[in-house]
Every structure is written in C-alpha cells, then in structure tokens.
file run_12.pdb (PDB, C-alpha atoms, pLDDT in the B column)
MODEL        1
ATOM      1  CA  THR O   1      16.191 156.132 164.556  1.00 84.00           C
ATOM      2  CA  LEU O   2      15.374 159.495 165.991  1.00 81.00           C
ATOM      3  CA  ARG O   3      18.199 161.969 166.371  1.00 82.00           C
ATOM      4  CA  ILE O   4      17.838 165.219 168.224  1.00 75.00           C
ATOM      5  CA  ALA O   5      20.490 167.910 168.243  1.00 76.00           C
ATOM      6  CA  MET O   6      20.945 170.654 170.775  1.00 71.00           C
ATOM      7  CA  ASN O   7      23.766 172.795 172.020  1.00 72.00           C
ATOM      8  CA  THR O   8      25.086 170.839 175.005  1.00 67.00           C
ATOM      9  CA  SER O   9      27.051 173.814 176.266  1.00 68.00           C
ATOM     10  CA  ASP O  10      23.687 175.344 177.188  1.00 73.00           C
ATOM     11  CA  ILE O  11      22.787 172.400 179.462  1.00 76.00           C
ATOM     12  CA  SER O  12      23.623 173.224 183.064  1.00 78.00           C
ATOM     13  CA  THR O  13      22.218 170.111 184.789  1.00 83.00           C
ATOM     14  CA  LEU O  14      20.663 166.743 184.066  1.00 83.00           C
ATOM     15  CA  ASP O  15      19.191 166.565 187.567  1.00 88.00           C
ATOM     16  CA  PRO O  16      15.481 167.102 186.949  1.00 89.00           C
ATOM     17  CA  HIS O  17      15.030 168.456 190.478  1.00 91.00           C
ATOM     18  CA  PHE O  18      17.271 171.398 189.534  1.00 88.00           C
ATOM     19  CA  ALA O  19      16.476 171.690 185.808  1.00 86.00           C
ATOM     20  CA  SER O  20      14.914 175.049 185.070  1.00 83.00           C
ATOM     21  CA  GLY O  21      16.416 176.298 181.811  1.00 80.00           C
ATOM     22  CA  THR O  22      14.918 175.471 178.422  1.00 78.00           C
ATOM     23  CA  GLN O  23      17.795 173.182 177.362  1.00 78.00           C
ATOM     24  CA  ASP O  24      17.798 171.415 180.743  1.00 81.00           C
ATOM     25  CA  ARG O  25      14.043 170.861 180.661  1.00 80.00           C
ATOM     26  CA  ALA O  26      14.061 169.637 177.064  1.00 81.00           C
ATOM     27  CA  THR O  27      16.666 167.033 177.972  1.00 83.00           C
ATOM     28  CA  VAL O  28      15.244 165.762 181.273  1.00 85.00           C
ATOM     29  CA  ASP O  29      11.789 165.469 179.680  1.00 85.00           C
ATOM     30  CA  MET O  30      13.219 162.745 177.461  1.00 84.00           C
ATOM     31  CA  ILE O  31      14.946 160.866 180.288  1.00 86.00           C
ATOM     32  CA  PHE O  32      12.661 160.933 183.345  1.00 91.00           C
ATOM     33  CA  ASN O  33       9.014 160.108 184.046  1.00 94.00           C
ATOM     34  CA  GLY O  34       6.543 160.977 186.788  1.00 96.00           C
ATOM     35  CA  LEU O  35       3.934 158.903 188.587  1.00 97.00           C
ATOM     36  CA  VAL O  36       1.421 160.710 186.394  1.00 97.00           C
ATOM     37  CA  ARG O  37       1.929 162.835 183.335  1.00 96.00           C
ATOM     38  CA  PHE O  38       0.268 165.700 181.597  1.00 94.00           C
ATOM     39  CA  VAL O  39      -1.768 164.372 178.690  1.00 95.00           C
ATOM     40  CA  PRO O  40       0.354 165.326 175.655  1.00 92.00           C
ATOM     41  CA  GLY O  41      -0.788 168.646 174.218  1.00 92.00           C
ATOM     42  CA  THR O  42      -2.564 169.769 177.399  1.00 90.00           C
ATOM     43  CA  SER O  43      -1.622 171.625 180.546  1.00 88.00           C
ATOM     44  CA  ASP O  44      -4.597 170.678 182.705  1.00 90.00           C
ATOM     45  CA  GLU O  45      -5.308 166.993 182.033  1.00 95.00           C
ATOM     46  CA  PHE O  46      -3.477 164.073 183.622  1.00 97.00           C
ATOM     47  CA  GLU O  47      -3.065 160.362 183.010  1.00 97.00           C
ATOM     48  CA  ALA O  48      -1.172 157.577 184.761  1.00 97.00           C
ATOM     49  CA  ASP O  49       2.478 157.186 183.775  1.00 97.00           C
ATOM     50  CA  LEU O  50       4.606 155.136 186.215  1.00 98.00           C
ATOM     51  CA  ALA O  51       1.497 154.589 188.349  1.00 98.00           C
ATOM     52  CA  GLU O  52      -1.164 152.111 187.287  1.00 98.00           C
ATOM     53  CA  GLU O  53      -3.931 154.697 187.619  1.00 97.00           C
ATOM     54  CA  LEU O  54      -4.708 158.160 188.930  1.00 97.00           C
ATOM     55  CA  PRO O  55      -5.411 158.012 192.676  1.00 96.00           C
ATOM     56  CA  GLU O  56      -8.054 159.721 194.770  1.00 95.00           C
ATOM     57  CA  GLY O  57      -6.986 161.586 197.895  1.00 97.00           C
ATOM     58  CA  GLU O  58      -8.383 160.156 201.124  1.00 97.00           C
ATOM     59  CA  GLU O  59      -9.102 162.260 204.199  1.00 97.00           C
ATOM     60  CA  ASN O  60      -7.644 160.808 207.407  1.00 97.00           C
ATOM     61  CA  ASP O  61      -9.121 161.091 210.917  1.00 98.00           C
ATOM     62  CA  ASP O  62      -6.256 163.382 211.985  1.00 98.00           C
ATOM     63  CA  GLY O  63      -7.068 165.920 209.243  1.00 97.00           C
ATOM     64  CA  THR O  64      -4.280 164.832 206.888  1.00 98.00           C
ATOM     65  CA  GLN O  65      -4.804 163.514 203.380  1.00 98.00           C
ATOM     66  CA  THR O  66      -3.218 160.409 201.834  1.00 98.00           C
ATOM     67  CA  TRP O  67      -2.770 159.681 198.155  1.00 98.00           C
ATOM     68  CA  THR O  68      -1.964 156.041 197.368  1.00 98.00           C
ATOM     69  CA  PHE O  69      -0.300 155.021 194.105  1.00 98.00           C
ATOM     70  CA  THR O  70       0.367 151.563 192.729  1.00 98.00           C
ATOM     71  CA  LEU O  71       3.619 151.421 190.763  1.00 98.00           C
ATOM     72  CA  LYS O  72       3.353 149.699 187.393  1.00 98.00           C
ATOM     73  CA  GLU O  73       5.060 146.335 187.298  1.00 96.00           C
ATOM     74  CA  GLY O  74       8.118 145.878 185.085  1.00 96.00           C
ATOM     75  CA  VAL O  75       9.222 149.539 184.827  1.00 96.00           C
ATOM     76  CA  MET O  76      12.972 149.444 184.195  1.00 95.00           C
ATOM     77  CA  THR O  77      15.603 152.082 184.910  1.00 92.00           C
ATOM     78  CA  HIS O  78      18.122 153.250 182.323  1.00 85.00           C
ATOM     79  CA  SER O  79      21.456 151.462 182.404  1.00 86.00           C
ATOM     80  CA  SER O  80      24.734 153.351 182.481  1.00 83.00           C
ATOM     81  CA  GLU O  81      28.413 152.662 182.961  1.00 85.00           C
ATOM     82  CA  ALA O  82      27.857 153.162 186.686  1.00 86.00           C
ATOM     83  CA  ALA O  83      24.685 151.079 187.171  1.00 87.00           C
ATOM     84  CA  GLU O  84      22.858 148.282 185.408  1.00 92.00           C
ATOM     85  CA  SER O  85      19.202 148.524 184.512  1.00 93.00           C
ATOM     86  CA  ALA O  86      16.901 147.378 187.307  1.00 94.00           C
ATOM     87  CA  GLU O  87      13.191 147.325 188.013  1.00 96.00           C
ATOM     88  CA  LEU O  88      11.888 150.522 189.595  1.00 97.00           C
ATOM     89  CA  THR O  89      10.708 150.002 193.189  1.00 97.00           C
ATOM     90  CA  VAL O  90       8.654 151.826 195.782  1.00 97.00           C
ATOM     91  CA  ASP O  91      11.933 152.538 197.594  1.00 97.00           C
ATOM     92  CA  ASP O  92      13.024 154.480 194.485  1.00 97.00           C
ATOM     93  CA  LEU O  93       9.823 156.537 194.699  1.00 98.00           C
ATOM     94  CA  VAL O  94      10.399 157.305 198.383  1.00 98.00           C
ATOM     95  CA  PHE O  95      14.028 158.255 197.642  1.00 97.00           C
ATOM     96  CA  SER O  96      13.066 160.468 194.709  1.00 97.00           C
ATOM     97  CA  PHE O  97      10.333 162.404 196.503  1.00 98.00           C
ATOM     98  CA  GLU O  98      12.451 162.818 199.636  1.00 98.00           C
ATOM     99  CA  LYS O  99      15.161 164.225 197.354  1.00 97.00           C
ATOM    100  CA  ALA O 100      12.629 166.541 195.698  1.00 97.00           C
ATOM    101  CA  ALA O 101      11.428 167.716 199.129  1.00 97.00           C
ATOM    102  CA  ASN O 102      14.933 168.496 200.416  1.00 97.00           C
ATOM    103  CA  PRO O 103      16.103 172.083 199.746  1.00 97.00           C
ATOM    104  CA  ASP O 104      19.715 170.823 199.576  1.00 95.00           C
ATOM    105  CA  THR O 105      18.904 168.460 196.701  1.00 95.00           C
ATOM    106  CA  SER O 106      16.056 170.178 194.855  1.00 95.00           C
ATOM    107  CA  ALA O 107      15.047 173.603 193.625  1.00 94.00           C
ATOM    108  CA  TYR O 108      11.403 172.569 194.057  1.00 95.00           C
ATOM    109  CA  ALA O 109      11.499 171.551 197.750  1.00 96.00           C
ATOM    110  CA  GLY O 110       8.980 174.220 198.728  1.00 96.00           C
ATOM    111  CA  ASP O 111       6.323 172.414 196.699  1.00 95.00           C
ATOM    112  CA  TYR O 112       6.526 169.449 199.100  1.00 97.00           C
ATOM    113  CA  GLU O 113       6.523 171.214 202.463  1.00 96.00           C
ATOM    114  CA  GLY O 114       4.330 169.293 204.904  1.00 96.00           C
ATOM    115  CA  TRP O 115       4.362 166.146 202.739  1.00 98.00           C
ATOM    116  CA  SER O 116       5.631 162.714 203.831  1.00 98.00           C
ATOM    117  CA  PHE O 117       6.440 159.718 201.655  1.00 98.00           C
ATOM    118  CA  SER O 118       6.280 156.019 202.486  1.00 98.00           C
ATOM    119  CA  ALA O 119       5.824 152.525 201.167  1.00 96.00           C
ATOM    120  CA  GLY O 120       2.246 151.354 201.441  1.00 91.00           C
ATOM    121  CA  GLU O 121       0.917 147.954 202.414  1.00 92.00           C
ATOM    122  CA  GLY O 122       1.393 146.286 199.041  1.00 89.00           C
ATOM    123  CA  GLU O 123       4.745 145.571 197.381  1.00 93.00           C
ATOM    124  CA  ARG O 124       4.142 148.231 194.726  1.00 97.00           C
ATOM    125  CA  GLU O 125       2.108 150.651 196.850  1.00 98.00           C
ATOM    126  CA  PHE O 126       3.457 154.165 197.500  1.00 98.00           C
ATOM    127  CA  GLN O 127       1.812 156.762 199.700  1.00 98.00           C
ATOM    128  CA  ILE O 128       2.071 160.511 199.981  1.00 98.00           C
ATOM    129  CA  THR O 129       0.523 162.108 203.054  1.00 98.00           C
ATOM    130  CA  LEU O 130      -0.168 165.847 203.166  1.00 98.00           C
ATOM    131  CA  GLU O 131      -0.612 167.832 206.386  1.00 97.00           C
ATOM    132  CA  ASP O 132      -3.246 169.945 204.645  1.00 96.00           C
ATOM    133  CA  PRO O 133      -5.636 168.343 202.146  1.00 96.00           C
ATOM    134  CA  VAL O 134      -5.672 169.703 198.587  1.00 97.00           C
ATOM    135  CA  SER O 135      -7.716 169.105 195.453  1.00 97.00           C
ATOM    136  CA  PRO O 136      -6.501 166.919 192.576  1.00 96.00           C
ATOM    137  CA  ALA O 137      -5.927 170.123 190.571  1.00 95.00           C
ATOM    138  CA  LEU O 138      -3.316 171.230 193.141  1.00 95.00           C
ATOM    139  CA  PHE O 139      -1.869 167.801 193.924  1.00 97.00           C
ATOM    140  CA  LEU O 140      -1.422 166.099 190.541  1.00 97.00           C
ATOM    141  CA  PRO O 141       0.951 168.698 188.998  1.00 95.00           C
ATOM    142  CA  LYS O 142       3.365 168.084 191.899  1.00 95.00           C
ATOM    143  CA  VAL O 143       3.656 164.365 191.083  1.00 96.00           C
ATOM    144  CA  ALA O 144       3.527 164.735 187.309  1.00 94.00           C
ATOM    145  CA  ASN O 145       6.331 164.762 184.751  1.00 90.00           C
ATOM    146  CA  TYR O 146       7.451 168.262 185.626  1.00 86.00           C
ATOM    147  CA  SER O 147       9.836 169.820 188.184  1.00 86.00           C
ATOM    148  CA  GLY O 148      10.050 167.789 191.404  1.00 91.00           C
ATOM    149  CA  GLY O 149       7.667 165.125 190.150  1.00 94.00           C
ATOM    150  CA  TYR O 150      10.302 163.449 187.994  1.00 94.00           C
ATOM    151  CA  ILE O 151      11.364 160.107 189.451  1.00 96.00           C
ATOM    152  CA  ILE O 152      15.092 159.521 189.995  1.00 94.00           C
ATOM    153  CA  PRO O 153      15.943 155.892 190.870  1.00 94.00           C
ATOM    154  CA  GLN O 154      18.179 155.639 193.931  1.00 94.00           C
ATOM    155  CA  ALA O 155      20.885 153.144 192.849  1.00 92.00           C
ATOM    156  CA  PRO O 156      21.821 154.887 189.575  1.00 90.00           C
ATOM    157  CA  TYR O 157      21.735 158.306 191.254  1.00 91.00           C
ATOM    158  CA  GLU O 158      24.028 157.158 194.037  1.00 92.00           C
ATOM    159  CA  ALA O 159      26.334 155.320 191.603  1.00 91.00           C
ATOM    160  CA  ILE O 160      26.750 158.408 189.422  1.00 88.00           C
ATOM    161  CA  GLY O 161      26.650 160.830 192.337  1.00 87.00           C
ATOM    162  CA  ALA O 162      25.041 164.240 192.487  1.00 85.00           C
ATOM    163  CA  ASP O 163      27.984 165.732 190.587  1.00 85.00           C
ATOM    164  CA  GLY O 164      27.392 163.268 187.742  1.00 79.00           C
ATOM    165  CA  PHE O 165      24.086 164.958 186.976  1.00 71.00           C
ATOM    166  CA  ILE O 166      25.670 168.372 186.555  1.00 68.00           C
TER
ENDMDL
END
call {"tool": "encode", "arguments": {"input": "run_12.pdb", "output": "structure tokens"}}
result
Amino acid sequence: TLRIAMNTSDISTLDPHFASGTQDRATVDMIFNGLVRFVPGTSDEFEADLAEELPEGEENDDGTQTWTFTLKEGVMTHSSEAAESAELTVDDLVFSFEKAANPDTSAYAGDYEGWSFSAGEGEREFQITLEDPVSPALFLPKVANYSGGYIIPQAPYEAIGADGFI
C-alpha cells in the first residue's frame, strides 16, 4: 500500500486541462495518462503510453501532416460512483483532444490551434492532422502526459460533469 498525503485545500481542480498549480499537477499526474509519456527522469525523451508505439508524422498532398496512433487494447478507465470502469476507445481520444483544443474547456487550447482529431481506419486507430507540419520534438510534448495531452474519457467526464472536476 502506498499512501500519499497532501493538503487538499491547495487543490483547485482535478481537470488536467486546467491543472496548473503544483498540487493540481501532482494529483492529475497520478490519475491521467497521455498517448505518449516522458520517459521517467527525462524531459526530452518519449515512449508509448496509451498508444502502442510512437508514431511518425506523414506529410499529406495538401501540405498538412497526419500523426496516426494505435490505442493499446484493454486500457480501462477508472470507476467512480458516477460511472463504471470501461475500456478506453478512440471516441474517448477524440473527445479528450477536442476538449483540450477548446478554450472554453481547457487552459491549453492554444497548443492545438489548427489541429483536427478523428478516428482512423482501424478500430483502435486515432489520427491528429495539423495544418502546418512540425517535428516530433514539437509534436510529442503536446500529446504526452502533460497539460492538454492528458486523456479524459468521455463517459466518466460527462457523468461527473465539468463541475465535478473542480
């Protein structure tokens, strides 16, 4: 058993797309994951987390760039009084990134300007298309376990409601 103590009066939100204070960040780090994550102990190396592997960006004929992820099979959401545990889906990824890209529901929306999110061809395939291509060094931090890159499953979020995260 691991027990961690912190002053809960210092926590202002459990919504990772708004978490910016030290206590908020320390808490959401233990609850949410990203498609990729920073390799523990580093700030410039990445590894797959909810995704099966790190993707490569592909240039499209129209000048955009698409990054395709395959969601790991069997990833389960946390259960709560409001929602049972369920397997994470591509629809959850689309919901989460659209939430992160919306200035009404995220403090990090500016990081996703010009990005679009969609289900890919496969059942567990998720795609992010950027208007302007970027390098992995600029892209991967935006989908990692930090800021807007945290994944919030749709059903539990809607069951608890936005106010339930505050």
call {"tool": "residues_around", "arguments": {"input": "run_12.pdb", "residues": "Phe38 (chain O)", "least_positions_apart": "6", "cutoff": "7 Å", "atoms": "only C-alpha atoms", "output": "ChimeraX atom specification"}}
result
/O:45-47,144-145
call {"tool": "resolve_selection", "arguments": {"input": "run_12.pdb", "expression": "the PyMOL selection byres ((chain O and resi 153) around 10)", "output": "list in words"}}
result
Phe32, Met76, Thr77, His78, Ala86, Glu87, Leu88, Thr89, Val90, Asp91, Asp92, Leu93, Val94, Phe95, Ser96, Tyr150, Ile151, Ile152, Gln154, Ala155, Pro156, Tyr157 and Glu158 of chain O
call {"tool": "resolve_selection", "arguments": {"input": "run_12.pdb", "expression": "the PyMOL selection byres ((chain O and resi 81) around 12)", "output": "list in words"}}
result
His78, Ser79, Ser80, Ala82, Ala83, Glu84, Ser85, Pro156, Ala159, Ile160 and Gly164 of chain O
call {"tool": "write_last_selection", "arguments": {"input": "run_12.pdb", "atoms": "C-alpha atoms", "output": "compact mmCIF listing (two decimals), keeping the file's coordinate frame"}}
result
# COMPACT_ATOMS: atom_id res chain seq x y z
CA HIS O 78 18.12 153.25 182.32
CA SER O 79 21.46 151.46 182.40
CA SER O 80 24.73 153.35 182.48
CA ALA O 82 27.86 153.16 186.69
CA ALA O 83 24.68 151.08 187.17
CA GLU O 84 22.86 148.28 185.41
CA SER O 85 19.20 148.52 184.51
CA PRO O 156 21.82 154.89 189.58
CA ALA O 159 26.33 155.32 191.60
CA ILE O 160 26.75 158.41 189.42
CA GLY O 164 27.39 163.27 187.74
call {"tool": "resolve_selection", "arguments": {"input": "run_12.pdb", "expression": "the PyMOL selection byres ((chain O and resi 64-73) around 9)", "output": "PyMOL selection string"}}
result
chain O and resi 35+49-63+74-75+87-90+93+120+122-134
call {"tool": "closest_residue", "arguments": {"input": "run_12.pdb", "among": "O:Val36, O:Ala100, O:Leu2, O:Ala107", "to": "Ser20 (chain O)", "atoms": "all atoms listed in the file"}}
result
O:Ala107
call {"tool": "closest_residue", "arguments": {"input": "run_12.pdb", "among": "O:Ile31, O:Ala162, O:Leu138, O:Ala26", "to": "Ala5 (chain O)", "atoms": "all atoms listed in the file"}}
result
O:Ala26
call {"tool": "closest_residue", "arguments": {"input": "run_12.pdb", "among": "O:Gly148, O:Gly161, O:Thr27, O:Ser43", "to": "Gly110 (chain O)", "atoms": "all atoms listed in the file"}}
result
O:Gly148
call {"tool": "atom_distance", "arguments": {"input": "run_12.pdb", "atom1": "CA of Tyr112 (chain O)", "atom2": "CA of Ser147 (chain O)"}}
result
11.4 Å
call {"tool": "residues_around", "arguments": {"input": "run_12.pdb", "residues": "Thr105 (chain O)", "least_positions_apart": "5", "cutoff": "10 Å", "atoms": "all atoms listed in the file", "output": "PyMOL selection string"}}
result
chain O and resi 15+17-18+98-100+162
call {"tool": "atom_distance", "arguments": {"input": "run_12.pdb", "atom1": "CA of Val28 (chain O)", "atom2": "CA of Pro16 (chain O)"}}
result
5.8 Å
call {"tool": "atom_distance", "arguments": {"input": "run_12.pdb", "atom1": "CA of Ala101 (chain O)", "atom2": "CA of Val143 (chain O)"}}
result
11.7 Å
call {"tool": "build_atoms", "arguments": {"input": "run_12.pdb", "residues": "region 7-42 of chain O", "atoms": "N, CA and C atoms", "output": "PDB file, keeping the file's coordinate frame"}}
result
ATOM      1  N   ASN O   7      22.486 172.278 171.581  1.00 72.00           N
ATOM      2  CA  ASN O   7      23.766 172.795 172.020  1.00 72.00           C
ATOM      3  C   ASN O   7      24.006 172.353 173.462  1.00 72.00           C
ATOM      4  N   THR O   8      24.870 171.369 173.657  1.00 67.00           N
ATOM      5  CA  THR O   8      25.086 170.839 175.005  1.00 67.00           C
ATOM      6  C   THR O   8      25.771 171.831 175.929  1.00 67.00           C
ATOM      7  N   SER O   9      26.423 172.820 175.383  1.00 68.00           N
ATOM      8  CA  SER O   9      27.051 173.814 176.266  1.00 68.00           C
ATOM      9  C   SER O   9      26.002 174.643 177.002  1.00 68.00           C
ATOM     10  N   ASP O  10      24.771 174.624 176.519  1.00 73.00           N
ATOM     11  CA  ASP O  10      23.687 175.344 177.188  1.00 73.00           C
ATOM     12  C   ASP O  10      23.048 174.538 178.315  1.00 73.00           C
ATOM     13  N   ILE O  11      23.359 173.243 178.416  1.00 76.00           N
ATOM     14  CA  ILE O  11      22.787 172.400 179.462  1.00 76.00           C
ATOM     15  C   ILE O  11      23.595 172.605 180.736  1.00 76.00           C
ATOM     16  N   SER O  12      22.912 172.988 181.811  1.00 78.00           N
ATOM     17  CA  SER O  12      23.623 173.224 183.064  1.00 78.00           C
ATOM     18  C   SER O  12      23.474 172.066 184.045  1.00 78.00           C
ATOM     19  N   THR O  13      22.419 171.255 183.897  1.00 83.00           N
ATOM     20  CA  THR O  13      22.218 170.111 184.789  1.00 83.00           C
ATOM     21  C   THR O  13      21.314 169.075 184.132  1.00 83.00           C
ATOM     22  N   LEU O  14      21.552 167.822 184.483  1.00 83.00           N
ATOM     23  CA  LEU O  14      20.663 166.743 184.066  1.00 83.00           C
ATOM     24  C   LEU O  14      19.848 166.239 185.256  1.00 83.00           C
ATOM     25  N   ASP O  15      19.987 166.904 186.397  1.00 88.00           N
ATOM     26  CA  ASP O  15      19.191 166.565 187.567  1.00 88.00           C
ATOM     27  C   ASP O  15      17.840 167.245 187.402  1.00 88.00           C
ATOM     28  N   PRO O  16      16.777 166.474 187.205  1.00 89.00           N
ATOM     29  CA  PRO O  16      15.481 167.102 186.949  1.00 89.00           C
ATOM     30  C   PRO O  16      14.962 167.928 188.114  1.00 89.00           C
ATOM     31  N   HIS O  17      15.469 167.685 189.321  1.00 91.00           N
ATOM     32  CA  HIS O  17      15.030 168.456 190.478  1.00 91.00           C
ATOM     33  C   HIS O  17      15.720 169.814 190.564  1.00 91.00           C
ATOM     34  N   PHE O  18      16.636 170.082 189.646  1.00 88.00           N
ATOM     35  CA  PHE O  18      17.271 171.398 189.534  1.00 88.00           C
ATOM     36  C   PHE O  18      17.080 171.997 188.143  1.00 88.00           C
ATOM     37  N   ALA O  19      16.614 171.221 187.192  1.00 86.00           N
ATOM     38  CA  ALA O  19      16.476 171.690 185.808  1.00 86.00           C
ATOM     39  C   ALA O  19      15.432 172.800 185.726  1.00 86.00           C
ATOM     40  N   SER O  20      15.860 173.943 185.217  1.00 83.00           N
ATOM     41  CA  SER O  20      14.914 175.049 185.070  1.00 83.00           C
ATOM     42  C   SER O  20      15.059 175.753 183.731  1.00 83.00           C
ATOM     43  N   GLY O  21      16.218 175.663 183.104  1.00 80.00           N
ATOM     44  CA  GLY O  21      16.416 176.298 181.811  1.00 80.00           C
ATOM     45  C   GLY O  21      15.800 175.491 180.676  1.00 80.00           C
ATOM     46  N   THR O  22      15.559 176.129 179.566  1.00 78.00           N
ATOM     47  CA  THR O  22      14.918 175.471 178.422  1.00 78.00           C
ATOM     48  C   THR O  22      15.688 174.238 177.964  1.00 78.00           C
ATOM     49  N   GLN O  23      17.009 174.338 177.818  1.00 78.00           N
ATOM     50  CA  GLN O  23      17.795 173.182 177.362  1.00 78.00           C
ATOM     51  C   GLN O  23      17.770 172.064 178.401  1.00 78.00           C
ATOM     52  N   ASP O  24      17.852 172.424 179.680  1.00 81.00           N
ATOM     53  CA  ASP O  24      17.798 171.415 180.743  1.00 81.00           C
ATOM     54  C   ASP O  24      16.464 170.681 180.704  1.00 81.00           C
ATOM     55  N   ARG O  25      15.386 171.451 180.640  1.00 80.00           N
ATOM     56  CA  ARG O  25      14.043 170.861 180.661  1.00 80.00           C
ATOM     57  C   ARG O  25      13.802 169.978 179.438  1.00 80.00           C
ATOM     58  N   ALA O  26      14.253 170.427 178.283  1.00 81.00           N
ATOM     59  CA  ALA O  26      14.061 169.637 177.064  1.00 81.00           C
ATOM     60  C   ALA O  26      14.760 168.292 177.182  1.00 81.00           C
ATOM     61  N   THR O  27      15.910 168.275 177.832  1.00 83.00           N
ATOM     62  CA  THR O  27      16.666 167.033 177.972  1.00 83.00           C
ATOM     63  C   THR O  27      16.050 166.121 179.030  1.00 83.00           C
ATOM     64  N   VAL O  28      15.773 166.631 180.221  1.00 85.00           N
ATOM     65  CA  VAL O  28      15.244 165.762 181.273  1.00 85.00           C
ATOM     66  C   VAL O  28      13.854 165.227 180.925  1.00 85.00           C
ATOM     67  N   ASP O  29      13.100 165.961 180.128  1.00 85.00           N
ATOM     68  CA  ASP O  29      11.789 165.469 179.680  1.00 85.00           C
ATOM     69  C   ASP O  29      11.903 164.150 178.922  1.00 85.00           C
ATOM     70  N   MET O  30      13.027 163.961 178.252  1.00 84.00           N
ATOM     71  CA  MET O  30      13.219 162.745 177.461  1.00 84.00           C
ATOM     72  C   MET O  30      13.817 161.600 178.265  1.00 84.00           C
ATOM     73  N   ILE O  31      14.262 161.878 179.488  1.00 86.00           N
ATOM     74  CA  ILE O  31      14.946 160.866 180.288  1.00 86.00           C
ATOM     75  C   ILE O  31      14.087 160.368 181.450  1.00 86.00           C
ATOM     76  N   PHE O  32      13.363 161.268 182.106  1.00 91.00           N
ATOM     77  CA  PHE O  32      12.661 160.933 183.345  1.00 91.00           C
ATOM     78  C   PHE O  32      11.147 160.938 183.156  1.00 91.00           C
ATOM     79  N   ASN O  33      10.467 160.179 184.025  1.00 94.00           N
ATOM     80  CA  ASN O  33       9.014 160.108 184.046  1.00 94.00           C
ATOM     81  C   ASN O  33       8.507 160.502 185.425  1.00 94.00           C
ATOM     82  N   GLY O  34       7.203 160.730 185.515  1.00 96.00           N
ATOM     83  CA  GLY O  34       6.543 160.977 186.788  1.00 96.00           C
ATOM     84  C   GLY O  34       5.560 159.864 187.085  1.00 96.00           C
ATOM     85  N   LEU O  35       4.985 159.871 188.273  1.00 97.00           N
ATOM     86  CA  LEU O  35       3.934 158.903 188.587  1.00 97.00           C
ATOM     87  C   LEU O  35       2.747 159.105 187.662  1.00 97.00           C
ATOM     88  N   VAL O  36       2.447 160.361 187.377  1.00 97.00           N
ATOM     89  CA  VAL O  36       1.421 160.710 186.394  1.00 97.00           C
ATOM     90  C   VAL O  36       2.071 161.655 185.393  1.00 97.00           C
ATOM     91  N   ARG O  37       1.392 161.895 184.321  1.00 96.00           N
ATOM     92  CA  ARG O  37       1.929 162.835 183.335  1.00 96.00           C
ATOM     93  C   ARG O  37       0.808 163.695 182.794  1.00 96.00           C
ATOM     94  N   PHE O  38       1.221 164.856 182.305  1.00 94.00           N
ATOM     95  CA  PHE O  38       0.268 165.700 181.597  1.00 94.00           C
ATOM     96  C   PHE O  38      -0.088 164.986 180.303  1.00 94.00           C
ATOM     97  N   VAL O  39      -1.363 164.944 179.966  1.00 95.00           N
ATOM     98  CA  VAL O  39      -1.768 164.372 178.690  1.00 95.00           C
ATOM     99  C   VAL O  39      -1.079 165.204 177.606  1.00 95.00           C
ATOM    100  N   PRO O  40      -0.362 164.553 176.680  1.00 92.00           N
ATOM    101  CA  PRO O  40       0.354 165.326 175.655  1.00 92.00           C
ATOM    102  C   PRO O  40      -0.559 166.347 174.965  1.00 92.00           C
ATOM    103  N   GLY O  41      -0.050 167.573 174.863  1.00 92.00           N
ATOM    104  CA  GLY O  41      -0.788 168.646 174.218  1.00 92.00           C
ATOM    105  C   GLY O  41      -1.699 169.430 175.146  1.00 92.00           C
ATOM    106  N   THR O  42      -1.707 169.051 176.447  1.00 90.00           N
ATOM    107  CA  THR O  42      -2.564 169.769 177.399  1.00 90.00           C
ATOM    108  C   THR O  42      -1.723 170.269 178.568  1.00 90.00           C
TER     109      THR O  42
END
